[in-house]
file upload-v1.pdb (PDB, C-alpha atoms)
ATOM      1  CA  ILE A 284     -52.947 -33.808   7.916
ATOM      2  CA  ILE A 285     -55.740 -31.341   8.664
ATOM      3  CA  SER A 286     -57.403 -29.653   5.686
ATOM      4  CA  LEU A 287     -59.589 -26.568   5.992
ATOM      5  CA  ASP A 288     -61.922 -24.981   3.458
ATOM      6  CA  VAL A 289     -61.998 -21.230   4.069
ATOM      7  CA  PRO A 290     -65.500 -19.714   4.361
ATOM      8  CA  GLY A 291     -67.361 -19.843   1.057
ATOM      9  CA  PHE A 292     -65.054 -22.364  -0.602
ATOM     10  CA  GLY A 293     -65.034 -26.131  -0.899
ATOM     11  CA  LEU A 294     -67.619 -27.707   1.381
ATOM     12  CA  THR A 295     -67.805 -24.683   3.680
ATOM     13  CA  GLY A 296     -70.745 -22.367   3.067
ATOM     14  CA  GLY A 297     -70.477 -18.593   3.158
ATOM     15  CA  PRO A 298     -71.796 -16.467   6.035
ATOM     16  CA  GLU A 299     -75.570 -16.065   6.309
ATOM     17  CA  ASN A 300     -75.181 -12.335   5.729
ATOM     18  CA  PRO A 301     -73.028 -11.748   2.588
ATOM     19  CA  ASP A 302     -72.022  -8.344   3.957
ATOM     20  CA  ASP A 303     -70.141 -10.152   6.736
ATOM     21  CA  TYR A 304     -67.719 -11.645   4.223
ATOM     22  CA  SER A 305     -64.413  -9.818   4.511
ATOM     23  CA  GLU A 306     -60.679 -10.287   4.876
ATOM     24  CA  ALA A 307     -61.114  -9.907   8.637
ATOM     25  CA  LEU A 308     -63.613 -12.805   8.626
ATOM     26  CA  LEU A 309     -61.158 -15.049   6.786
ATOM     27  CA  HIS A 310     -58.364 -14.327   9.263
ATOM     28  CA  SER A 311     -60.554 -14.628  12.353
ATOM     29  CA  SER A 312     -62.175 -17.857  11.117
ATOM     30  CA  PHE A 313     -58.766 -19.408  10.553
ATOM     31  CA  LYS A 314     -57.489 -18.353  13.984
ATOM     32  CA  GLN A 315     -60.617 -19.730  15.666
ATOM     33  CA  PHE A 316     -60.150 -22.999  13.794
ATOM     34  CA  ILE A 317     -56.566 -23.335  15.074
ATOM     35  CA  ASP A 318     -57.583 -22.382  18.614
ATOM     36  CA  GLN A 319     -60.515 -24.816  18.629
ATOM     37  CA  LEU A 320     -58.228 -27.711  17.648
ATOM     38  CA  GLN A 321     -55.569 -26.496  20.115
ATOM     39  CA  LEU A 322     -52.821 -26.802  17.522
ATOM     40  CA  ASP A 323     -49.272 -25.915  18.545
ATOM     41  CA  ASN A 324     -45.928 -26.013  16.785
ATOM     42  CA  PHE A 325     -47.435 -27.167  13.491
ATOM     43  CA  ILE A 326     -46.472 -26.933   9.815
ATOM     44  CA  LEU A 327     -48.773 -24.649   7.847
ATOM     45  CA  ALA A 328     -49.306 -24.723   4.073
ATOM     46  CA  GLY A 329     -51.557 -22.607   1.877
ATOM     47  CA  ASN A 330     -52.146 -21.915  -1.800
ATOM     48  CA  SER A 331     -53.246 -18.615  -3.400
ATOM     49  CA  LEU A 332     -55.653 -16.842  -1.019
ATOM     50  CA  GLY A 333     -54.933 -19.646   1.455
ATOM     51  CA  GLY A 334     -51.254 -18.744   1.192
ATOM     52  CA  TYR A 335     -52.014 -15.154   2.133
ATOM     53  CA  ILE A 336     -54.156 -16.260   5.083
ATOM     54  CA  SER A 337     -51.391 -18.653   6.196
ATOM     55  CA  ALA A 338     -48.706 -15.958   5.983
ATOM     56  CA  HIS A 339     -50.896 -13.535   7.935
ATOM     57  CA  TYR A 340     -51.415 -16.126  10.672
ATOM     58  CA  ALA A 341     -47.707 -17.020  10.828
ATOM     59  CA  ALA A 342     -46.759 -13.350  11.123
ATOM     60  CA  ASN A 343     -49.206 -12.754  13.967
ATOM     61  CA  ASN A 344     -48.613 -16.069  15.760
ATOM     62  CA  PRO A 345     -44.909 -16.820  15.278
ATOM     63  CA  SER A 346     -44.669 -19.176  18.262
ATOM     64  CA  LYS A 347     -47.363 -21.463  16.798
ATOM     65  CA  VAL A 348     -45.946 -22.159  13.328
ATOM     66  CA  LYS A 349     -42.987 -24.524  13.029
ATOM     67  CA  LYS A 350     -42.592 -24.268   9.253
ATOM     68  CA  LEU A 351     -44.514 -22.474   6.524
ATOM     69  CA  ILE A 352     -45.172 -23.524   2.913
ATOM     70  CA  LEU A 353     -46.673 -20.922   0.578
ATOM     71  CA  ILE A 354     -47.779 -22.093  -2.876
ATOM     72  CA  ASP A 355     -48.291 -19.250  -5.385
ATOM     73  CA  PRO A 356     -49.574 -17.025  -2.540
ATOM     74  CA  ALA A 357     -51.771 -14.006  -3.201
ATOM     75  CA  GLY A 358     -51.295 -10.781  -1.260
ATOM     76  CA  ALA A 359     -48.586  -8.800  -3.033
ATOM     77  CA  PRO A 360     -49.773  -5.783  -5.079
ATOM     78  CA  GLN A 361     -50.510  -6.846  -8.660
ATOM     79  CA  ASP A 362     -52.875  -6.426 -11.583
ATOM     80  CA  LEU A 363     -55.719  -8.911 -11.499
ATOM     81  CA  PRO A 364     -55.795 -11.516 -14.288
ATOM     82  CA  PHE A 365     -58.303 -10.779 -17.055
ATOM     83  CA  ILE A 366     -61.122 -13.030 -15.859
ATOM     84  CA  LEU A 367     -60.906 -11.652 -12.288
ATOM     85  CA  SER A 368     -60.503  -8.079 -13.495
ATOM     86  CA  LEU A 369     -63.648  -8.475 -15.573
ATOM     87  CA  ALA A 370     -65.533 -10.030 -12.649
ATOM     88  CA  SER A 371     -64.432  -7.212 -10.323
ATOM     89  CA  MET A 372     -66.386  -4.580 -12.308
ATOM     90  CA  PRO A 373     -69.292  -3.494 -10.045
ATOM     91  CA  ALA A 374     -72.163  -4.459 -12.375
ATOM     92  CA  ILE A 375     -70.629  -7.788 -13.341
ATOM     93  CA  ASN A 376     -69.563  -8.502  -9.751
ATOM     94  CA  SER A 377     -73.144  -8.051  -8.545
ATOM     95  CA  LEU A 378     -74.351 -10.389 -11.290
ATOM     96  CA  ALA A 379     -71.647 -12.942 -10.490
ATOM     97  CA  ALA A 380     -72.892 -13.149  -6.909
ATOM     98  CA  THR A 381     -76.103 -14.740  -8.170
ATOM     99  CA  VAL A 382     -75.109 -16.326 -11.477
ATOM    100  CA  PHE A 383     -71.412 -17.294 -11.918
ATOM    101  CA  PRO A 384     -72.231 -19.823 -14.677
ATOM    102  CA  PRO A 385     -70.305 -23.112 -14.841
ATOM    103  CA  PHE A 386     -68.513 -22.105 -18.059
ATOM    104  CA  ILE A 387     -66.908 -19.183 -16.202
ATOM    105  CA  VAL A 388     -65.767 -21.585 -13.480
ATOM    106  CA  ALA A 389     -64.374 -23.895 -16.174
ATOM    107  CA  MET A 390     -62.498 -20.966 -17.763
ATOM    108  CA  GLY A 391     -61.015 -20.123 -14.382
ATOM    109  CA  VAL A 392     -59.857 -23.697 -13.786
ATOM    110  CA  LYS A 393     -58.188 -23.801 -17.215
ATOM    111  CA  ASP A 394     -56.515 -20.475 -16.411
ATOM    112  CA  VAL A 395     -54.887 -21.759 -13.210
ATOM    113  CA  TYR A 396     -53.320 -24.789 -14.886
ATOM    114  CA  GLY A 397     -50.058 -24.345 -16.781
ATOM    115  CA  ASP A 398     -51.128 -27.274 -18.955
ATOM    116  CA  PRO A 399     -54.938 -27.548 -19.258
ATOM    117  CA  ASP A 400     -54.531 -31.100 -20.580
ATOM    118  CA  ARG A 401     -53.681 -32.121 -17.010
ATOM    119  CA  ILE A 402     -57.222 -31.312 -15.854
ATOM    120  CA  SER A 403     -59.173 -34.509 -15.408
ATOM    121  CA  LYS A 404     -62.913 -34.594 -16.053
ATOM    122  CA  GLU A 405     -63.429 -35.645 -12.430
ATOM    123  CA  ASN A 406     -61.521 -32.641 -11.124
ATOM    124  CA  MET A 407     -63.324 -30.198 -13.416
ATOM    125  CA  ASP A 408     -66.673 -31.687 -12.357
ATOM    126  CA  ARG A 409     -65.650 -31.264  -8.721
ATOM    127  CA  TYR A 410     -64.823 -27.576  -9.209
ATOM    128  CA  ILE A 411     -68.146 -26.944 -10.931
ATOM    129  CA  HIS A 412     -70.126 -28.957  -8.376
ATOM    130  CA  LEU A 413     -68.585 -27.057  -5.459
ATOM    131  CA  SER A 414     -69.282 -23.730  -7.178
ATOM    132  CA  LEU A 415     -72.988 -24.579  -7.117
ATOM    133  CA  ARG A 416     -73.139 -24.982  -3.342
ATOM    134  CA  PRO A 417     -75.156 -22.408  -1.329
ATOM    135  CA  GLY A 418     -73.164 -19.238  -0.725
ATOM    136  CA  ALA A 419     -70.314 -20.188  -3.065
ATOM    137  CA  LYS A 420     -71.110 -17.708  -5.862
ATOM    138  CA  GLN A 421     -71.460 -14.858  -3.377
ATOM    139  CA  ALA A 422     -68.172 -15.824  -1.732
ATOM    140  CA  TYR A 423     -66.386 -15.901  -5.106
ATOM    141  CA  ALA A 424     -67.770 -12.463  -6.007
ATOM    142  CA  ASN A 425     -66.871 -11.038  -2.582
ATOM    143  CA  THR A 426     -63.351 -12.463  -2.773
ATOM    144  CA  ILE A 427     -62.762 -10.931  -6.211
ATOM    145  CA  ALA A 428     -64.041  -7.535  -5.000
ATOM    146  CA  MET A 429     -61.848  -7.814  -1.889
ATOM    147  CA  LEU A 430     -58.729  -8.605  -3.927
ATOM    148  CA  ASP A 431     -59.491  -5.783  -6.361
ATOM    149  CA  GLU A 432     -59.793  -3.270  -3.518
ATOM    150  CA  LYS A 433     -56.615  -4.566  -1.869
ATOM    151  CA  ASN A 434     -54.645  -4.336  -5.114
ATOM    152  CA  SER A 435     -55.928  -0.823  -5.805
ATOM    153  CA  GLN A 436     -54.487   0.275  -2.450
ATOM    154  CA  GLN A 437     -51.064  -1.091  -3.451
ATOM    155  CA  THR A 438     -50.529  -2.324   0.108
ATOM    156  CA  PRO A 439     -47.002  -3.766   0.391
ATOM    157  CA  LEU A 440     -46.323  -7.145   1.961
ATOM    158  CA  ASN A 441     -45.899  -6.929   5.722
ATOM    159  CA  PHE A 442     -44.809 -10.375   6.839
ATOM    160  CA  SER A 443     -41.345  -9.604   8.191
ATOM    161  CA  ALA A 444     -42.552 -10.849  11.606
ATOM    162  CA  ILE A 445     -42.627 -14.422  10.256
ATOM    163  CA  THR A 446     -39.924 -16.423  12.039
ATOM    164  CA  ALA A 447     -40.777 -19.879  10.698
ATOM    165  CA  PRO A 448     -38.544 -21.259   7.945
ATOM    166  CA  THR A 449     -40.602 -20.683   4.797
ATOM    167  CA  LEU A 450     -40.712 -22.529   1.479
ATOM    168  CA  LEU A 451     -42.187 -20.697  -1.502
ATOM    169  CA  MET A 452     -43.394 -22.958  -4.309
ATOM    170  CA  TRP A 453     -44.382 -21.290  -7.577
ATOM    171  CA  GLY A 454     -45.534 -22.346 -11.025
ATOM    172  CA  GLU A 455     -43.694 -20.322 -13.653
ATOM    173  CA  LYS A 456     -46.777 -20.393 -15.918
ATOM    174  CA  ASP A 457     -48.985 -18.833 -13.229
ATOM    175  CA  ILE A 458     -50.990 -16.072 -14.938
ATOM    176  CA  TRP A 459     -53.091 -15.312 -11.845
ATOM    177  CA  VAL A 460     -50.234 -14.579  -9.421
ATOM    178  CA  PRO A 461     -47.078 -14.249 -11.551
ATOM    179  CA  ALA A 462     -43.901 -15.938 -10.348
ATOM    180  CA  THR A 463     -42.052 -12.591 -10.534
ATOM    181  CA  LEU A 464     -43.900 -11.643  -7.331
ATOM    182  CA  SER A 465     -41.885 -14.286  -5.503
ATOM    183  CA  GLU A 466     -39.075 -11.727  -5.268
ATOM    184  CA  LEU A 467     -41.239  -9.575  -2.984
ATOM    185  CA  TRP A 468     -41.982 -12.543  -0.723
ATOM    186  CA  LEU A 469     -38.326 -13.586  -0.547
ATOM    187  CA  ALA A 470     -37.342 -10.043   0.386
ATOM    188  CA  ASN A 471     -40.083  -9.752   3.006
ATOM    189  CA  ILE A 472     -39.616 -13.089   4.806
ATOM    190  CA  SER A 473     -36.046 -13.416   6.051
ATOM    191  CA  ASP A 474     -35.786 -17.207   6.312
ATOM    192  CA  SER A 475     -37.351 -18.132   2.976
ATOM    193  CA  THR A 476     -36.389 -20.205  -0.045
ATOM    194  CA  LEU A 477     -38.003 -20.622  -3.467
ATOM    195  CA  ILE A 478     -38.675 -23.545  -5.782
ATOM    196  CA  THR A 479     -40.252 -22.841  -9.173
ATOM    197  CA  TYR A 480     -41.890 -25.241 -11.610
ATOM    198  CA  PRO A 481     -41.393 -24.325 -15.295
ATOM    199  CA  LYS A 482     -44.439 -26.154 -16.670
ATOM    200  CA  ALA A 483     -46.952 -25.571 -13.851
ATOM    201  CA  GLY A 484     -49.424 -22.755 -13.252
ATOM    202  CA  HIS A 485     -51.221 -21.407 -10.192
ATOM    203  CA  VAL A 486     -51.918 -24.788  -8.572
ATOM    204  CA  PRO A 487     -48.748 -26.880  -8.961
ATOM    205  CA  MET A 488     -49.833 -29.191  -6.121
ATOM    206  CA  GLU A 489     -52.677 -30.329  -8.411
ATOM    207  CA  GLU A 490     -50.744 -30.377 -11.688
ATOM    208  CA  ILE A 491     -47.587 -32.093 -10.472
ATOM    209  CA  PRO A 492     -48.566 -33.555  -7.088
ATOM    210  CA  GLN A 493     -45.706 -36.053  -6.763
ATOM    211  CA  GLN A 494     -42.984 -33.500  -7.456
ATOM    212  CA  THR A 495     -44.449 -30.837  -5.164
ATOM    213  CA  LEU A 496     -44.993 -33.458  -2.446
ATOM    214  CA  GLN A 497     -41.369 -34.586  -2.644
ATOM    215  CA  ASP A 498     -40.150 -30.976  -2.404
ATOM    216  CA  ALA A 499     -42.455 -30.254   0.535
ATOM    217  CA  LEU A 500     -41.341 -33.383   2.408
ATOM    218  CA  ALA A 501     -37.672 -32.553   1.799
ATOM    219  CA  PHE A 502     -38.253 -29.090   3.260
ATOM    220  CA  ILE A 503     -40.166 -30.504   6.239
ATOM    221  CA  ASP A 504     -37.386 -33.017   6.946
ATOM    222  CA  LEU A 505     -34.681 -30.322   7.040
ATOM    223  CA  LYS A 506     -33.359 -29.778  10.555
TER     224      LYS A 506
END
call {"tool": "encode", "arguments": {"input": "upload-v1.pdb", "output": "structure tokens"}}
result
Amino acid sequence: IISLDVPGFGLTGGPENPDDYSEALLHSSFKQFIDQLQLDNFILAGNSLGGYISAHYAANNPSKVKKLILIDPAGAPQDLPFILSLASMPAINSLAATVFPPFIVAMGVKDVYGDPDRISKENMDRYIHLSLRPGAKQAYANTIAMLDEKNSQQTPLNFSAITAPTLLMWGEKDIWVPATLSELWLANISDSTLITYPKAGHVPMEEIPQQTLQDALAFIDLK
């Protein structure tokens, strides 16, 4: 299993010049990562923004991806959830790039869980700690602004070139990327199936890891 933090998230710092942060950078960074490791015929999985990046790669490199798993993927036109909509306002977005206080991060984590009681103290501390890394706040602010601009353009999904069998996994309590958007993904990707989780939110792989793992392995094992 190879795990990648996209630029600005996790342990990966943002670009030295914040103006370089863009959707194009995310896609090119991911492609360079795959090329550097010389990966071929692999199974690709992504959640949220990572799901969108994964779908984009699979559509543009169909011979590389054996199977695709998209967990509550972003990318379809939608209204931003309240906390992201608020953070996308120009004045607040500029402030968020330098401040983004821990309580806002904590609010966001609680938002993405269908059941906030499932959040362990260790996991919440990890989210907050990672948000304090150099470049993280700027990356969060840039990502929110990027998603806001993309949604305002109402750009439809364009992943019909994906040939890999695709599993969509979605938490029905997702308030960031509503499960109703799964219909657009199913219609756009010809060989796709959907599993939903009634009590999970935007990150079902964290909330119900054993169940999502079993479903992913069953899909991977299908011939």
call {"tool": "closest_residue", "arguments": {"input": "upload-v1.pdb", "among": "A:Pro481, A:Pro448, A:Pro487, A:Pro417", "to": "Ala341 (chain A)", "atoms": "all atoms listed in the file"}}
result
A:Pro448
call {"tool": "residues_around", "arguments": {"input": "upload-v1.pdb", "residues": "region 430-444 of chain A", "least_positions_apart": "2", "cutoff": "10 Å", "atoms": "only C-alpha atoms", "output": "VMD selection string"}}
result
chain A and resid 306 332 335 338 to 345 357 to 363 367 to 368 370 to 372 425 to 428 446 to 447 467 to 468 470 to 474
call {"tool": "resolve_selection", "arguments": {"input": "upload-v1.pdb", "expression": "the PyMOL selection byres ((chain A and resi 396) around 8)", "output": "CSV table (one decimal) with C-alpha atoms, keeping the file's coordinate frame"}}
result
chain,number,residue,atom,x,y,z
A,392,VAL,CA,-59.9,-23.7,-13.8
A,393,LYS,CA,-58.2,-23.8,-17.2
A,394,ASP,CA,-56.5,-20.5,-16.4
A,395,VAL,CA,-54.9,-21.8,-13.2
A,397,GLY,CA,-50.1,-24.3,-16.8
A,398,ASP,CA,-51.1,-27.3,-19.0
A,399,PRO,CA,-54.9,-27.5,-19.3
A,401,ARG,CA,-53.7,-32.1,-17.0
A,402,ILE,CA,-57.2,-31.3,-15.9
A,456,LYS,CA,-46.8,-20.4,-15.9
A,457,ASP,CA,-49.0,-18.8,-13.2
A,483,ALA,CA,-47.0,-25.6,-13.9
A,484,GLY,CA,-49.4,-22.8,-13.3
A,485,HIS,CA,-51.2,-21.4,-10.2
A,486,VAL,CA,-51.9,-24.8,-8.6
A,487,PRO,CA,-48.7,-26.9,-9.0
A,490,GLU,CA,-50.7,-30.4,-11.7
call {"tool": "closest_residue", "arguments": {"input": "upload-v1.pdb", "among": "A:Leu294, A:Leu287, A:Ala307, A:Leu450", "to": "Leu320 (chain A)", "atoms": "all atoms listed in the file"}}
result
A:Leu287
call {"tool": "resolve_selection", "arguments": {"input": "upload-v1.pdb", "expression": "the PyMOL selection byres ((chain A and resi 288) around 12)", "output": "PyMOL selection string"}}
result
chain A and resi 285-287+289-297+309+312-313+316+329-330+332-333+336+413+419
call {"tool": "resolve_selection", "arguments": {"input": "upload-v1.pdb", "expression": "the PyMOL selection byres ((chain A and resi 452) around 12)", "output": "compact mmCIF listing (two decimals) with C-alpha atoms, in the frame of the given file"}}
result
# COMPACT_ATOMS: atom_id res chain seq x y z
CA ALA A 328 -49.31 -24.72 4.07
CA GLY A 329 -51.56 -22.61 1.88
CA ASN A 330 -52.15 -21.92 -1.80
CA SER A 331 -53.25 -18.61 -3.40
CA GLY A 334 -51.25 -18.74 1.19
CA LEU A 351 -44.51 -22.47 6.52
CA ILE A 352 -45.17 -23.52 2.91
CA LEU A 353 -46.67 -20.92 0.58
CA ILE A 354 -47.78 -22.09 -2.88
CA ASP A 355 -48.29 -19.25 -5.38
CA PRO A 356 -49.57 -17.02 -2.54
CA THR A 449 -40.60 -20.68 4.80
CA LEU A 450 -40.71 -22.53 1.48
CA LEU A 451 -42.19 -20.70 -1.50
CA TRP A 453 -44.38 -21.29 -7.58
CA GLY A 454 -45.53 -22.35 -11.02
CA GLU A 455 -43.69 -20.32 -13.65
CA ASP A 457 -48.98 -18.83 -13.23
CA VAL A 460 -50.23 -14.58 -9.42
CA PRO A 461 -47.08 -14.25 -11.55
CA ALA A 462 -43.90 -15.94 -10.35
CA LEU A 464 -43.90 -11.64 -7.33
CA SER A 465 -41.88 -14.29 -5.50
CA TRP A 468 -41.98 -12.54 -0.72
CA LEU A 469 -38.33 -13.59 -0.55
CA SER A 475 -37.35 -18.13 2.98
CA THR A 476 -36.39 -20.20 -0.04
CA LEU A 477 -38.00 -20.62 -3.47
CA ILE A 478 -38.67 -23.54 -5.78
CA THR A 479 -40.25 -22.84 -9.17
CA TYR A 480 -41.89 -25.24 -11.61
CA PRO A 481 -41.39 -24.32 -15.30
CA ALA A 483 -46.95 -25.57 -13.85
CA GLY A 484 -49.42 -22.76 -13.25
CA HIS A 485 -51.22 -21.41 -10.19
CA VAL A 486 -51.92 -24.79 -8.57
CA PRO A 487 -48.75 -26.88 -8.96
CA MET A 488 -49.83 -29.19 -6.12
CA ILE A 491 -47.59 -32.09 -10.47
CA GLN A 494 -42.98 -33.50 -7.46
CA THR A 495 -44.45 -30.84 -5.16
CA LEU A 496 -44.99 -33.46 -2.45
CA GLN A 497 -41.37 -34.59 -2.64
CA ASP A 498 -40.15 -30.98 -2.40
CA ALA A 499 -42.46 -30.25 0.54
CA PHE A 502 -38.25 -29.09 3.26
call {"tool": "atom_distance", "arguments": {"input": "upload-v1.pdb", "atom1": "CA of Asp318 (chain A)", "atom2": "CA of Asp302 (chain A)"}}
result
24.9 Å
call {"tool": "axis_aligned_box", "arguments": {"input": "upload-v1.pdb", "around": "region 344-358 of chain A", "padding_each_side": "3 Å", "output": "AutoDock Vina command-line options"}}
result
--center_x -47.2 --center_y -17.7 --center_z 6.4 --size_x 15.2 --size_y 19.7 --size_z 29.6
call {"tool": "build_atoms", "arguments": {"input": "upload-v1.pdb", "residues": "region 294-313 of chain A", "atoms": "N, CA, C and O atoms", "output": "PDB file, in the coordinates of the input"}}
result
ATOM      1  N   LEU A 294     -66.379 -27.252   0.760  1.00  0.00           N
ATOM      2  CA  LEU A 294     -67.619 -27.707   1.381  1.00  0.00           C
ATOM      3  C   LEU A 294     -68.153 -26.721   2.416  1.00  0.00           C
ATOM      4  O   LEU A 294     -69.213 -26.943   2.995  1.00  0.00           O
ATOM      5  N   THR A 295     -67.400 -25.657   2.669  1.00  0.00           N
ATOM      6  CA  THR A 295     -67.805 -24.683   3.680  1.00  0.00           C
ATOM      7  C   THR A 295     -68.676 -23.599   3.056  1.00  0.00           C
ATOM      8  O   THR A 295     -68.258 -22.935   2.116  1.00  0.00           O
ATOM      9  N   GLY A 296     -69.866 -23.417   3.585  1.00  0.00           N
ATOM     10  CA  GLY A 296     -70.745 -22.367   3.067  1.00  0.00           C
ATOM     11  C   GLY A 296     -70.292 -20.981   3.491  1.00  0.00           C
ATOM     12  O   GLY A 296     -69.496 -20.831   4.422  1.00  0.00           O
ATOM     13  N   GLY A 297     -70.791 -19.971   2.798  1.00  0.00           N
ATOM     14  CA  GLY A 297     -70.477 -18.593   3.158  1.00  0.00           C
ATOM     15  C   GLY A 297     -71.304 -18.153   4.359  1.00  0.00           C
ATOM     16  O   GLY A 297     -72.208 -18.860   4.813  1.00  0.00           O
ATOM     17  N   PRO A 298     -71.015 -16.977   4.908  1.00  0.00           N
ATOM     18  CA  PRO A 298     -71.796 -16.467   6.035  1.00  0.00           C
ATOM     19  C   PRO A 298     -73.243 -16.206   5.632  1.00  0.00           C
ATOM     20  O   PRO A 298     -73.535 -15.954   4.462  1.00  0.00           O
ATOM     21  N   GLU A 299     -74.148 -16.279   6.612  1.00  0.00           N
ATOM     22  CA  GLU A 299     -75.570 -16.065   6.309  1.00  0.00           C
ATOM     23  C   GLU A 299     -75.802 -14.678   5.727  1.00  0.00           C
ATOM     24  O   GLU A 299     -76.611 -14.503   4.822  1.00  0.00           O
ATOM     25  N   ASN A 300     -75.093 -13.704   6.252  1.00  0.00           N
ATOM     26  CA  ASN A 300     -75.181 -12.335   5.729  1.00  0.00           C
ATOM     27  C   ASN A 300     -73.976 -12.085   4.830  1.00  0.00           C
ATOM     28  O   ASN A 300     -72.850 -12.015   5.315  1.00  0.00           O
ATOM     29  N   PRO A 301     -74.161 -11.958   3.501  1.00  0.00           N
ATOM     30  CA  PRO A 301     -73.028 -11.748   2.588  1.00  0.00           C
ATOM     31  C   PRO A 301     -72.179 -10.537   2.943  1.00  0.00           C
ATOM     32  O   PRO A 301     -70.979 -10.514   2.651  1.00  0.00           O
ATOM     33  N   ASP A 302     -72.774  -9.542   3.593  1.00  0.00           N
ATOM     34  CA  ASP A 302     -72.022  -8.344   3.957  1.00  0.00           C
ATOM     35  C   ASP A 302     -70.976  -8.636   5.024  1.00  0.00           C
ATOM     36  O   ASP A 302     -70.079  -7.822   5.262  1.00  0.00           O
ATOM     37  N   ASP A 303     -71.105  -9.788   5.697  1.00  0.00           N
ATOM     38  CA  ASP A 303     -70.141 -10.152   6.736  1.00  0.00           C
ATOM     39  C   ASP A 303     -68.853 -10.717   6.149  1.00  0.00           C
ATOM     40  O   ASP A 303     -67.863 -10.880   6.855  1.00  0.00           O
ATOM     41  N   TYR A 304     -68.893 -11.040   4.851  1.00  0.00           N
ATOM     42  CA  TYR A 304     -67.719 -11.645   4.223  1.00  0.00           C
ATOM     43  C   TYR A 304     -66.645 -10.583   4.016  1.00  0.00           C
ATOM     44  O   TYR A 304     -66.883  -9.563   3.365  1.00  0.00           O
ATOM     45  N   SER A 305     -65.484 -10.810   4.586  1.00  0.00           N
ATOM     46  CA  SER A 305     -64.413  -9.818   4.511  1.00  0.00           C
ATOM     47  C   SER A 305     -63.083 -10.498   4.778  1.00  0.00           C
ATOM     48  O   SER A 305     -63.025 -11.663   5.200  1.00  0.00           O
ATOM     49  N   GLU A 306     -62.004  -9.756   4.560  1.00  0.00           N
ATOM     50  CA  GLU A 306     -60.679 -10.287   4.876  1.00  0.00           C
ATOM     51  C   GLU A 306     -60.577 -10.578   6.370  1.00  0.00           C
ATOM     52  O   GLU A 306     -60.009 -11.595   6.776  1.00  0.00           O
ATOM     53  N   ALA A 307     -61.148  -9.705   7.185  1.00  0.00           N
ATOM     54  CA  ALA A 307     -61.114  -9.907   8.637  1.00  0.00           C
ATOM     55  C   ALA A 307     -61.798 -11.221   9.020  1.00  0.00           C
ATOM     56  O   ALA A 307     -61.325 -11.946   9.916  1.00  0.00           O
ATOM     57  N   LEU A 308     -62.916 -11.554   8.347  1.00  0.00           N
ATOM     58  CA  LEU A 308     -63.613 -12.805   8.626  1.00  0.00           C
ATOM     59  C   LEU A 308     -62.731 -14.000   8.294  1.00  0.00           C
ATOM     60  O   LEU A 308     -62.686 -14.977   9.056  1.00  0.00           O
ATOM     61  N   LEU A 309     -62.020 -13.946   7.180  1.00  0.00           N
ATOM     62  CA  LEU A 309     -61.158 -15.049   6.786  1.00  0.00           C
ATOM     63  C   LEU A 309     -60.063 -15.285   7.824  1.00  0.00           C
ATOM     64  O   LEU A 309     -59.792 -16.419   8.220  1.00  0.00           O
ATOM     65  N   HIS A 310     -59.441 -14.198   8.274  1.00  0.00           N
ATOM     66  CA  HIS A 310     -58.364 -14.327   9.263  1.00  0.00           C
ATOM     67  C   HIS A 310     -58.897 -14.807  10.607  1.00  0.00           C
ATOM     68  O   HIS A 310     -58.303 -15.692  11.245  1.00  0.00           O
ATOM     69  N   SER A 311     -60.010 -14.252  11.047  1.00  0.00           N
ATOM     70  CA  SER A 311     -60.554 -14.628  12.353  1.00  0.00           C
ATOM     71  C   SER A 311     -61.068 -16.069  12.333  1.00  0.00           C
ATOM     72  O   SER A 311     -60.906 -16.806  13.326  1.00  0.00           O
ATOM     73  N   SER A 312     -61.675 -16.483  11.226  1.00  0.00           N
ATOM     74  CA  SER A 312     -62.175 -17.857  11.117  1.00  0.00           C
ATOM     75  C   SER A 312     -61.021 -18.849  11.204  1.00  0.00           C
ATOM     76  O   SER A 312     -61.122 -19.887  11.873  1.00  0.00           O
ATOM     77  N   PHE A 313     -59.917 -18.512  10.530  1.00  0.00           N
ATOM     78  CA  PHE A 313     -58.766 -19.408  10.553  1.00  0.00           C
ATOM     79  C   PHE A 313     -58.179 -19.493  11.960  1.00  0.00           C
ATOM     80  O   PHE A 313     -57.869 -20.593  12.450  1.00  0.00           O
TER      81      PHE A 313
END
